[in-house]
Structures are given as C-alpha cells and as structure tokens.
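*Asks:* I am attaching a structure below and will ask some questions about it afterwards.
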Amino acid sequence: QVQLVESGGGLVQAGGSLRLACAASVSIFSLSAMDWYRQGPGKQRELVARIIRGGSANYADSVKGRFTISRDNAENTVYLQMDSLKPEDTAVYYCHVNLIGSVYHYWGQGTQVTVSS
C-alpha cells in the first residue's frame, strides 16, 4: 500500500505560478514513475507530466515550456512547478505512482488548481 499526500493547489491569476507537491509513503526508488494527471471540468483525466525512476521527464504538449516536474529523493516527494498559468489549466491535479514489478497503481486525493482570467 502506498499513500500519497498532495499539497500546493489554490487560486491564482492567469500568468501566475503555483507549485504542487506529492509526498509518497515509500521510497521513490521503489516506484517505476511518478506522474501528475489533471481533470478539468467536464473533461477526461489526462497525463500532464511524468518523471521516471531514472530521472527523465516528459510532458503533455499543452504544458511544455511552462510546467516542470522534479523530485526530492530524500523526501520521497515529487513536485510540479507550474508557471505562466492559463485559465485552461484549471483542474483537479492528481499524483499517480506505480510500484516496480506490480500491477497496482495509486492515486493521491487530488488538489484543486483554479486560474482566473
């Protein structure tokens, strides 16, 4: 069982920044990847950013150049730095992880990000 605790959401004006954090209850190195997903109003959940065990990251086209995913290995925490936020970034953001060698995956409770125009 893996617990994920998210923090850092809130209300921000367009063009502003927020940083999300997701603390895992297990070592990052037991995870194959750590992801951030989001689900906007009336939309399907979508992958925003992923950082794999080796440290490489990739991003959805809609956030490239504006969002940065990173991690603190000692704190077992993954971050999502969100800059130049747009109203269309408004969504509930979820942390998601998979354990290495397991079919199970885990979700955080979600944190609301609202970007006003």
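To be explicit about the labels: the chains of the structure tokens are called A, B, and onward in the order shown, and within each one the residues are counted from 1, while ligands get numbers from 1 in the order they are shown.
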Please provide as a VMD selection string all residues within 6 Å of range 48-62 of chain A, with the sequence filter that same-chain residues fewer than 3 positions apart are discarded (counting only C-alpha atoms).

*Replies:* chain A and resid 32 to 37

*Asks:* Keeping only C-alpha atoms, write those residues as a PDB file, in the first residue's frame.

*Replies:*
```pdb
ATOM      1  CA  SER A  32       8.677   2.972 -11.734  1.00  0.00           C
ATOM      2  CA  ALA A  33       7.488   6.528 -12.287  1.00  0.00           C
ATOM      3  CA  MET A  34       5.719   9.412 -10.616  1.00  0.00           C
ATOM      4  CA  ASP A  35       3.099  11.280 -12.585  1.00  0.00           C
ATOM      5  CA  TRP A  36       0.855  14.281 -12.388  1.00  0.00           C
ATOM      6  CA  TYR A  37      -2.561  13.993 -14.000  1.00  0.00           C
TER       7      TYR A  37
END
```

*Asks:* Tell me which protein, DNA and RNA residues are within 12 Å of Glu75 in chain A, counting only C-alpha atoms, leaving out same-chain ones fewer than 6 positions away, and put them as a list in words.

*Replies:*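 So, after excluding close chain neighbours, the residues are Ala21, Cys22, Ala23, Ala24, Ser25, Val26, Ser27, Ile28 and Phe29 of chain A.
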
*Asks:* Would you mind telling me which residue in A:Leu4, A:Val115, A:Leu20, A:Leu11 lies nearest to Lys86 in chain A when using only C-alpha atoms?

*Replies:*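 Counting only C-alpha atoms, the residue closest to Lys86 in chain A is A:Val115.
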
*Asks:* Return the single residue from A:Ile100, A:Val63, A:Cys95, A:Asp89 that is closest to Ala14 in chain A, with distances computed using only C-alpha atoms.

*Replies:* A:Asp89

*Asks:* Which neighbours of range 79-82 of chain A fall inside 7 Å, counting only C-alpha atoms, when residues of the same chain fewer than 2 positions from it are skipped, and could you give them as a list of chain:residue names?

*Replies:* A:Ser17, A:Leu18, A:Arg19, A:Leu20, A:Ala21, A:Cys22, A:Arg66, A:Phe67, A:Thr68, A:Ile69, A:Ser70, A:Arg71, A:Thr77, A:Ser84, A:Leu85

*Asks:* Kindly save the residues from that selection, with C-alpha atoms included, as a PDB file, in the first residue's frame.

*Replies:*
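Written out: again_38.pdb:
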```
ATOM      1  CA  SER A  17       2.694  30.339 -10.711  1.00  0.00           C
ATOM      2  CA  LEU A  18       1.962  27.516  -8.311  1.00  0.00           C
ATOM      3  CA  ARG A  19       3.977  24.575  -7.075  1.00  0.00           C
ATOM      4  CA  LEU A  20       2.338  21.275  -6.257  1.00  0.00           C
ATOM      5  CA  ALA A  21       3.935  18.646  -4.043  1.00  0.00           C
ATOM      6  CA  CYS A  22       3.196  14.948  -3.603  1.00  0.00           C
ATOM      7  CA  ARG A  66       5.542  26.116 -18.678  1.00  0.00           C
ATOM      8  CA  PHE A  67       5.497  23.204 -16.223  1.00  0.00           C
ATOM      9  CA  THR A  68       8.468  21.418 -14.657  1.00  0.00           C
ATOM     10  CA  ILE A  69       8.344  18.116 -12.814  1.00  0.00           C
ATOM     11  CA  SER A  70      11.081  17.344 -10.316  1.00  0.00           C
ATOM     12  CA  ARG A  71      11.656  15.224  -7.247  1.00  0.00           C
ATOM     13  CA  THR A  77       8.433  13.851  -2.919  1.00  0.00           C
ATOM     14  CA  SER A  84       2.596  31.076 -16.913  1.00  0.00           C
ATOM     15  CA  LEU A  85      -0.665  29.526 -15.837  1.00  0.00           C
TER      16      LEU A  85
END
```
